[in-house]
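Reviewing the structure listed below.
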Amino acid sequence: MKYLKQSLLLVFFCCCFQSNCAQVGINTNNPQSTLDVNGNLSVKVVNLVGNGSGSGGSAVLIDDGVYISISPTATDDKFQLPNPILFPGRTYVIRNIQNSVTAQLTTAVGLLFPKNSTVGSAQIYMYEGNLRTVTVISDGINWTYIN
């Protein structure tokens with residue numbers, strides 16, 4: 001019986017301790033969220049160059065970074081997002097840095113949906129004046145994009 005009481009007391013303290021440590025603050029003494037950052041935030045920047053094969057070729061895979069600068073070398077060079085099922089909640093900011101060359105953004109699985117639409121597509125085209133910069137977010141099945 002003594003061991004049971006000690007075990008229950010230990011479990012109680014572990015649960016209390018765990019709930020108190022569920023929030024992490026950086027440069028703040030009283031975090032209000034799971035991660036609370038009081039200061040600047042930097043994210044990994046990656047530069048991807050197209051393979052010059054255009055719409056008929058293979059895609060350059062996007063699998064690293066948060067801010068992605070894409071540089072197509074041929075019209076409609078493909079850049080492919082990873083499988084959204086494997087990365088729910090994953091977010092990328094993607095910018096076509098070429099002024100006159102269109103890039104094609106595709107996905108390995110699922111579709112790309114504009115933020116307020118129920119109609120998705122297998123690819124979107126990024127060029128001057130139309131989706132030059134997009135933010136894509138995985139919902140665990142598809143990608144939603146915001147421009």
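Identifiers in the structure tokens: chain A, B, ... in order shown; residue index from 1 per chain; ligand index from 1 in order shown.
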Task: Residue contacts of A:Val66 (9 Å, only C-alpha atoms) excluding same-chain residues fewer than 2 positions away, as a list in words - done: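 Neighbouring residues, sequence-local ones excluded: Val43, Lys44, Val45, Val46, Asp64, Ile68, Arg90, Thr91, Tyr92, Val93 and Ile94 of chain A.
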Could I get the residues of stretch 59-94 of chain A with an atom no further than 10 Å from an atom of stretch 119-132 of chain A, each paired with its nearest atom pair and that distance in Å to one decimal, using only C-alpha atoms, sorted by chain and residue number, as a Markdown table?
```
| residue | atom | partner | partner_atom | distance |
| --- | --- | --- | --- | --- |
| A:Ile70 | CA | A:Met126 | CA | 9.9 |
| A:Thr75 | CA | A:Tyr127 | CA | 9.9 |
| A:Asp76 | CA | A:Tyr125 | CA | 7.4 |
| A:Asp77 | CA | A:Tyr125 | CA | 9.7 |
| A:Lys78 | CA | A:Gln123 | CA | 9.1 |
| A:Phe79 | CA | A:Gln123 | CA | 9.6 |
| A:Gln80 | CA | A:Gln123 | CA | 9.1 |
| A:Ile94 | CA | A:Arg132 | CA | 8.3 |
```
Please produce a file of the residues just selected, as an mmCIF file, in the first residue's frame, where the atoms kept are N, CA, C and O atoms.
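Resulting contents of out_24.cif:
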```cif
data_model
loop_
_atom_site.group_PDB
_atom_site.id
_atom_site.type_symbol
_atom_site.label_atom_id
_atom_site.label_comp_id
_atom_site.auth_asym_id
_atom_site.auth_seq_id
_atom_site.Cartn_x
_atom_site.Cartn_y
_atom_site.Cartn_z
ATOM 1 N N ILE A 70 13.021 30.571 -55.999
ATOM 2 C CA ILE A 70 13.171 29.680 -57.149
ATOM 3 C C ILE A 70 13.599 30.514 -58.348
ATOM 4 O O ILE A 70 13.184 31.648 -58.528
ATOM 5 N N THR A 75 11.261 28.312 -69.535
ATOM 6 C CA THR A 75 9.849 28.586 -69.281
ATOM 7 C C THR A 75 9.162 27.348 -68.740
ATOM 8 O O THR A 75 9.317 26.247 -69.275
ATOM 9 N N ASP A 76 8.418 27.530 -67.666
ATOM 10 C CA ASP A 76 7.648 26.485 -66.999
ATOM 11 C C ASP A 76 8.502 25.395 -66.350
ATOM 12 O O ASP A 76 8.047 24.269 -66.177
ATOM 13 N N ASP A 77 9.740 25.731 -65.978
ATOM 14 C CA ASP A 77 10.513 24.790 -65.158
ATOM 15 C C ASP A 77 9.656 24.410 -63.950
ATOM 16 O O ASP A 77 9.026 25.257 -63.335
ATOM 17 N N LYS A 78 9.659 23.116 -63.606
ATOM 18 C CA LYS A 78 8.828 22.620 -62.508
ATOM 19 C C LYS A 78 9.589 22.619 -61.185
ATOM 20 O O LYS A 78 10.756 22.229 -61.130
ATOM 21 N N PHE A 79 8.868 23.018 -60.133
ATOM 22 C CA PHE A 79 9.363 22.934 -58.767
ATOM 23 C C PHE A 79 8.269 22.217 -57.978
ATOM 24 O O PHE A 79 7.112 22.636 -57.992
ATOM 25 N N GLN A 80 8.633 21.118 -57.326
ATOM 26 C CA GLN A 80 7.632 20.235 -56.711
ATOM 27 C C GLN A 80 7.666 20.274 -55.194
ATOM 28 O O GLN A 80 8.701 20.052 -54.574
ATOM 29 N N ILE A 94 7.330 30.885 -51.159
ATOM 30 C CA ILE A 94 8.060 30.613 -52.397
ATOM 31 C C ILE A 94 7.973 31.838 -53.306
ATOM 32 O O ILE A 94 6.885 32.365 -53.536
#
```
TODO: Measuring atom to atom with only C-alpha atoms, identify which of A:Ile141, A:Ile97, A:Leu111, A:Ile85 is nearest to A:Leu48.
DONE: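 Ranking A:Ile141, A:Ile97, A:Leu111, A:Ile85 by distance to A:Leu48, first place goes to A:Ile97.
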TODO: Write out as JSON, numbers by chain all residues of chain A that DSSP puts in strand (DSSP E) for this structure's backbone.
DONE: {"A": [24, 25, 26, 35, 36, 37, 45, 46, 47, 48, 49, 60, 61, 67, 68, 69, 70, 71, 77, 78, 79, 80, 81, 91, 92, 93, 94, 95, 96, 103, 104, 105, 106, 107, 112, 113, 114, 123, 124, 125, 126, 133, 134, 135, 136, 137, 138, 143, 144, 145, 146]}
TODO: Name the closest residue to A:Tyr67 among the candidates A:Ala22, A:Leu112, A:Val136, A:Val49; distances are taken between atoms, counting only C-alpha atoms.
DONE: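 Comparing A:Ala22, A:Leu112, A:Val136, A:Val49 against A:Tyr67, the winner is A:Val136.
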Write out as a short mmCIF file (atom, residue, chain, number, x, y, z; two decimals) with all heavy atoms, in the first residue's frame the residues lying within 8 Å of A:Asp139, counting only C-alpha atoms and excluding same-chain residues fewer than 6 positions away.
```cif
data_model
loop_
_atom_site.label_atom_id
_atom_site.label_comp_id
_atom_site.auth_asym_id
_atom_site.auth_seq_id
_atom_site.Cartn_x
_atom_site.Cartn_y
_atom_site.Cartn_z
N PRO A 84 1.99 16.38 -49.07
CA PRO A 84 1.37 17.08 -47.94
C PRO A 84 0.89 16.15 -46.83
O PRO A 84 0.75 16.58 -45.68
CB PRO A 84 0.19 17.82 -48.58
CG PRO A 84 -0.14 17.02 -49.78
CD PRO A 84 1.16 16.47 -50.27
N ILE A 85 0.67 14.89 -47.15
CA ILE A 85 0.24 13.92 -46.14
C ILE A 85 1.36 13.67 -45.13
O ILE A 85 1.11 13.51 -43.94
CB ILE A 85 -0.20 12.60 -46.82
CG1 ILE A 85 -1.42 12.87 -47.72
CG2 ILE A 85 -0.50 11.52 -45.80
CD1 ILE A 85 -1.76 11.72 -48.66
N PRO A 88 1.92 17.54 -42.51
CA PRO A 88 0.80 18.42 -42.18
C PRO A 88 1.29 19.65 -41.41
O PRO A 88 2.12 19.53 -40.52
CB PRO A 88 -0.12 17.54 -41.33
CG PRO A 88 0.76 16.47 -40.79
CD PRO A 88 1.84 16.26 -41.82
N GLY A 89 0.78 20.80 -41.80
CA GLY A 89 1.17 22.04 -41.15
C GLY A 89 2.42 22.68 -41.72
O GLY A 89 2.76 23.81 -41.36
#
```
TODO: Rank A:Asn99, A:Ser69, A:Thr28, A:Ser117 by their smallest atom-to-atom distance to A:Thr135, using only C-alpha atoms, and report the top residue only.
DONE: A:Ser69
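Nearest-residue note for A:Asn116: choosing from A:Ala74, A:Leu86, A:Ile137, A:Ile146, the minimum distance belongs to A:Ile146, counting only C-alpha atoms.
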Can you pull out every residue within 8 Å of A:Pro82, counting only C-alpha atoms, but drop anything in the same chain fewer than 2 positions away, and send it as a JSON list (two decimals) with N, CA, C and O atoms, in the first residue's frame?
```json
[["chain", "number", "residue", "atom", "x", "y", "z"],
["A", 61, "LEU", "N", 12.88, 19.28, -56.64],
["A", 61, "LEU", "CA", 12.15, 19.02, -55.40],
["A", 61, "LEU", "C", 12.40, 20.11, -54.36],
["A", 61, "LEU", "O", 13.53, 20.55, -54.17],
["A", 62, "ILE", "N", 11.33, 20.52, -53.71],
["A", 62, "ILE", "CA", 11.41, 21.44, -52.59],
["A", 62, "ILE", "C", 11.31, 20.58, -51.33],
["A", 62, "ILE", "O", 10.28, 19.99, -51.07],
["A", 63, "ASP", "N", 12.41, 20.48, -50.59],
["A", 63, "ASP", "CA", 12.39, 19.61, -49.40],
["A", 63, "ASP", "C", 13.16, 20.20, -48.23],
["A", 63, "ASP", "O", 13.42, 19.51, -47.25],
["A", 80, "GLN", "N", 8.63, 21.12, -57.33],
["A", 80, "GLN", "CA", 7.63, 20.23, -56.71],
["A", 80, "GLN", "C", 7.67, 20.27, -55.19],
["A", 80, "GLN", "O", 8.70, 20.05, -54.57],
["A", 84, "PRO", "N", 1.99, 16.38, -49.07],
["A", 84, "PRO", "CA", 1.37, 17.08, -47.94],
["A", 84, "PRO", "C", 0.89, 16.15, -46.83],
["A", 84, "PRO", "O", 0.75, 16.58, -45.68],
["A", 86, "LEU", "N", 2.59, 13.70, -45.61],
["A", 86, "LEU", "CA", 3.74, 13.44, -44.73],
["A", 86, "LEU", "C", 4.13, 14.65, -43.89],
["A", 86, "LEU", "O", 4.84, 14.51, -42.89],
["A", 87, "PHE", "N", 3.67, 15.85, -44.29],
["A", 87, "PHE", "CA", 4.08, 17.07, -43.62],
["A", 87, "PHE", "C", 2.90, 17.98, -43.31],
["A", 87, "PHE", "O", 2.85, 19.11, -43.78],
["A", 107, "THR", "N", 2.78, 19.57, -56.98],
["A", 107, "THR", "CA", 2.81, 18.82, -55.73],
["A", 107, "THR", "C", 2.94, 17.33, -56.01],
["A", 107, "THR", "O", 2.45, 16.85, -57.03],
["A", 108, "ALA", "N", 3.62, 16.62, -55.13],
["A", 108, "ALA", "CA", 3.82, 15.17, -55.30],
["A", 108, "ALA", "C", 2.50, 14.42, -55.21],
["A", 108, "ALA", "O", 2.27, 13.45, -55.91],
["A", 109, "VAL", "N", 1.62, 14.88, -54.33],
["A", 109, "VAL", "CA", 0.33, 14.23, -54.07],
["A", 109, "VAL", "C", -0.67, 15.33, -53.75],
["A", 109, "VAL", "O", -0.32, 16.36, -53.21]]
```
TODO: Work out how far atom CA of A:Gly57 is from atom CA of A:Arg95, in Å to one decimal.
DONE: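 If I compute the distance from atom CA of A:Arg95 to atom CA of A:Gly57, I get 20.5 Å.
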- [ ] Excluding A:Lys115 and residues on its chain fewer than 2 positions from it, collect all residues at most 9 Å away from it, counting only C-alpha atoms, and give them as a VMD selection string.
- [x] chain A and resid 113 117 to 118 144 to 147
Selection export as a short mmCIF file (atom, residue, chain, number, x, y, z; two decimals), in the first residue's frame, atoms kept: N, CA and C atoms:
```cif
data_model
loop_
_atom_site.label_atom_id
_atom_site.label_comp_id
_atom_site.auth_asym_id
_atom_site.auth_seq_id
_atom_site.Cartn_x
_atom_site.Cartn_y
_atom_site.Cartn_z
N PHE A 113 -4.79 24.46 -53.66
CA PHE A 113 -6.05 25.20 -53.58
C PHE A 113 -5.79 26.66 -53.25
N SER A 117 -11.09 28.90 -52.10
CA SER A 117 -11.70 28.13 -53.17
C SER A 117 -11.80 26.66 -52.80
N THR A 118 -12.79 26.00 -53.38
CA THR A 118 -12.91 24.55 -53.23
C THR A 118 -12.45 23.83 -54.49
N THR A 144 -2.73 24.55 -49.52
CA THR A 144 -3.48 25.78 -49.71
C THR A 144 -2.46 26.87 -50.00
N TYR A 145 -2.75 27.72 -51.00
CA TYR A 145 -1.81 28.79 -51.27
C TYR A 145 -2.47 30.15 -51.16
N ILE A 146 -1.65 31.09 -50.71
CA ILE A 146 -2.05 32.47 -50.51
C ILE A 146 -1.05 33.33 -51.24
N ASN A 147 -1.54 34.30 -52.00
CA ASN A 147 -0.59 35.20 -52.67
C ASN A 147 -0.73 36.58 -52.17
#
```
TODO: Take atom CA of A:Thr102 and atom CA of A:Gly52 and report the distance between them in Å, one decimal.
DONE: 11.6 Å
Open item on the list: Just the number, please: distance in Å from atom CA of A:Leu105 to atom CA of A:Ala59, one decimal.
Closed with: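 About the pair atom CA of A:Leu105 and atom CA of A:Ala59: they are 8.9 Å apart.
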